[in-house]
Amino acid sequence: MDFARRTLIALVCSASVVCGAASLEQKADEAAARKEMFVAGDDGWRFLPAELRFASKLASPDLASLTAPAIGTIADFAAQMRKADIQLVVLPVPPKVLLAGEALGVSAEEMERMRAGWESIISELADHDVTVVDLLPDYAAATHESFCRRDTHWSGRGIATAVERLLPVLQGTGIAGRKSTGRGVWTKQRIQGDLGGDPEEVELRLLRGTSRSAVAGQGPLLVLGDSHALVFHEGGDMHATGAGLPDQIASATGTMPDVLGVRGSGATSSRLQLARRARANPSYLSSKKAVIWCFAGREFTEAEAWKKLPILKAAGS
């Protein structure tokens with residue numbers, strides 16, 4: 001009886017983890033049925049439904065097949081950049097539900113299983129010779145909030161952590177270690193997040209003189225990606241200028257990166273923009289030592305398509 005009881009308990013626990021992950025997808029479906037662009041959690045947290053669908057897949061036994069198109073495309077892009085003697089650094093932003101899942105009633109066991117799925121994606125990229133920076137361990141250990149509560153993006157503190165992780169990787173390219181332009185001043189700012197609800201107060205490290213107009217276009221570093229490359233940098237619906245990822249990189253390295261950021265999916269459209277720029281200016285890539293490709297982690301399974309693009313062919317056309 002003891003063995004049977006233990007077996008039953010194990011089966012129930014295993015099922016509860018799967019059901020817990022599935023409940024995130026259910027919450028996303030319910031939001032879609034209500035034509036809402038967010039799923040509300042406790043304490044003012046709001047989550048993008050697509051992020052919850054991705055998180056639910058992190059606990060799936062079919063995760064490897066679900067992410068195969070993304071892994072293959074990223075590996076192809078990395079290989080193209082190596083041929084051009086450019087270091088590609090992939091910077092996927094983990095879904096905030098993996099850090100704030102308690103707001104949706106996600107248990108610690110469910111969280112660990114989904115985090116393990118995320119780590120398997122990171123390992124798969126590394127196995128394909130892709131240089132990837134995994135922010136999840138740092139975010140999980142942080143005492144600050146790495147994400148905005150009512151916006152889809154990372155917080156100012158989350159950006160600062162990302163830059164700290166990037167610097168050792170960039171040192172091999174000769175970019176990091178140059179004279180810094182200063183660390184900037186932390187300040188609080190109220191923003192209206194893109195997930196609606198009440199405005200929230202966020203901490204931003206403002207750096208004057210590093211606005212979008214300062215991007216020269218021929219620097220050694222390119223920040224490529226989705227709106228995570230633009231938030232707190234481009235202003236307008238991106239909330240602020242002088243406090244985004246490009247600005248923090250400029251502060252830490254003394255080099256203001258070029259920026260190719262797109263709103264929406266950064267899986268294919270950002271690389272398409274790079275291909276077009278390389279076609280218009282065949283010498284554009286020759287000045288680059290490194291490309292930081294930053295995109296929302298949910299894109300691994302939720303992007304409309306992961307298409308391989310001939311970037312180098314475009315540059316030589």
# chains A, B, ... in the order shown; residues from 1 in each chain; ligands from 1
$ select_by_dssp --residues "segment 46-254 of chain A" --states "strand (DSSP E or B)" --output "MDAnalysis selection string"
chainID A and resid 46:47 87:93 131:132 147 154 185:191 200:206 221:225 234 241
$ residues_around --residues "Phe77 of chain A" --least-positions-apart "6" --cutoff "8 Å" --atoms "only C-alpha atoms" --output "list in words"
Lys308, Leu309 and Ile311 of chain A
$ closest_atom_pairs --of "segment 133-233 of chain A" --to "segment 33-38 of chain A" --cutoff "12 Å" --atoms "only C-alpha atoms" --output "Markdown table"
| residue | atom | partner | partner_atom | distance |
| --- | --- | --- | --- | --- |
| A:Arg149 | CA | A:Phe38 | CA | 11.4 |
| A:Arg150 | CA | A:Phe38 | CA | 9.1 |
| A:Asp151 | CA | A:Phe38 | CA | 9.7 |
| A:Thr152 | CA | A:Phe38 | CA | 9.5 |
| A:Gly193 | CA | A:Phe38 | CA | 11.3 |
| A:Asp194 | CA | A:Met37 | CA | 9.2 |
| A:Leu195 | CA | A:Phe38 | CA | 6.0 |
| A:Gly196 | CA | A:Phe38 | CA | 8.1 |
| A:Gly197 | CA | A:Phe38 | CA | 9.9 |
$ write_last_selection --atoms "C-alpha atoms" --output "CSV table (one decimal), in the first residue's frame"
chain,number,residue,atom,x,y,z
A,149,ARG,CA,4.4,45.5,-14.2
A,150,ARG,CA,2.0,46.9,-16.7
A,151,ASP,CA,4.2,47.0,-19.8
A,152,THR,CA,5.6,44.2,-21.9
A,193,GLY,CA,2.4,50.8,-19.9
A,194,ASP,CA,1.3,49.2,-23.2
A,195,LEU,CA,-0.8,46.6,-21.2
A,196,GLY,CA,-3.1,49.3,-19.9
A,197,GLY,CA,-4.1,49.8,-16.3
$ closest_residue --among "A:Val169, A:Val39, A:Met256, A:Ala229" --to "Thr131 of chain A" --atoms "only C-alpha atoms"
A:Val169
$ residues_around --residues "Glu234 of chain A" --least-positions-apart "3" --cutoff "10 Å" --atoms "only C-alpha atoms" --output "PyMOL selection string"
chain A and resi 211-213+227+229-231+237-244+246+261
$ decode --residues "segment 53-97 of chain A" --atoms "C-alpha atoms" --output "short mmCIF file (atom, residue, chain, number, x, y, z; two decimals), in the first residue's frame"
data_model
loop_
_atom_site.label_atom_id
_atom_site.label_comp_id
_atom_site.auth_asym_id
_atom_site.auth_seq_id
_atom_site.Cartn_x
_atom_site.Cartn_y
_atom_site.Cartn_z
CA ARG A 53 1.37 30.56 -24.32
CA PHE A 54 5.14 30.39 -24.69
CA ALA A 55 5.64 29.76 -20.97
CA SER A 56 3.16 26.89 -21.07
CA LYS A 57 5.16 25.28 -23.88
CA LEU A 58 8.33 25.42 -21.79
CA ALA A 59 6.88 22.50 -19.79
CA SER A 60 6.01 20.51 -22.92
CA PRO A 61 7.84 17.29 -23.82
CA ASP A 62 7.71 18.56 -27.43
CA LEU A 63 9.64 21.74 -26.65
CA ALA A 64 12.66 20.81 -28.79
CA SER A 65 10.54 20.34 -31.91
CA LEU A 66 8.62 23.55 -31.20
CA THR A 67 11.82 25.61 -31.00
CA ALA A 68 13.69 23.86 -33.84
CA PRO A 69 12.81 26.49 -36.50
CA ALA A 70 14.10 29.28 -34.25
CA ILE A 71 17.28 27.43 -33.29
CA GLY A 72 18.10 26.61 -36.91
CA THR A 73 17.54 30.16 -38.10
CA ILE A 74 19.56 31.72 -35.29
CA ALA A 75 22.42 29.28 -35.91
CA ASP A 76 22.38 30.19 -39.61
CA PHE A 77 22.55 33.92 -38.80
CA ALA A 78 25.43 33.33 -36.38
CA ALA A 79 27.33 31.39 -39.05
CA GLN A 80 26.84 34.21 -41.55
CA MET A 81 28.16 36.73 -39.07
CA ARG A 82 31.23 34.56 -38.36
CA LYS A 83 32.01 34.55 -42.08
CA ALA A 84 32.01 38.34 -41.94
CA ASP A 85 34.24 38.25 -38.84
CA ILE A 86 31.41 39.67 -36.72
CA GLN A 87 30.53 38.35 -33.27
CA LEU A 88 26.80 37.69 -32.92
CA VAL A 89 25.53 37.84 -29.34
CA VAL A 90 21.97 36.62 -28.86
CA LEU A 91 20.17 38.28 -25.96
CA PRO A 92 16.70 36.75 -25.49
CA VAL A 93 14.60 38.43 -22.82
CA PRO A 94 12.94 35.75 -20.64
CA PRO A 95 9.18 36.01 -20.10
CA LYS A 96 8.36 37.90 -16.93
CA VAL A 97 5.93 35.20 -15.84
#
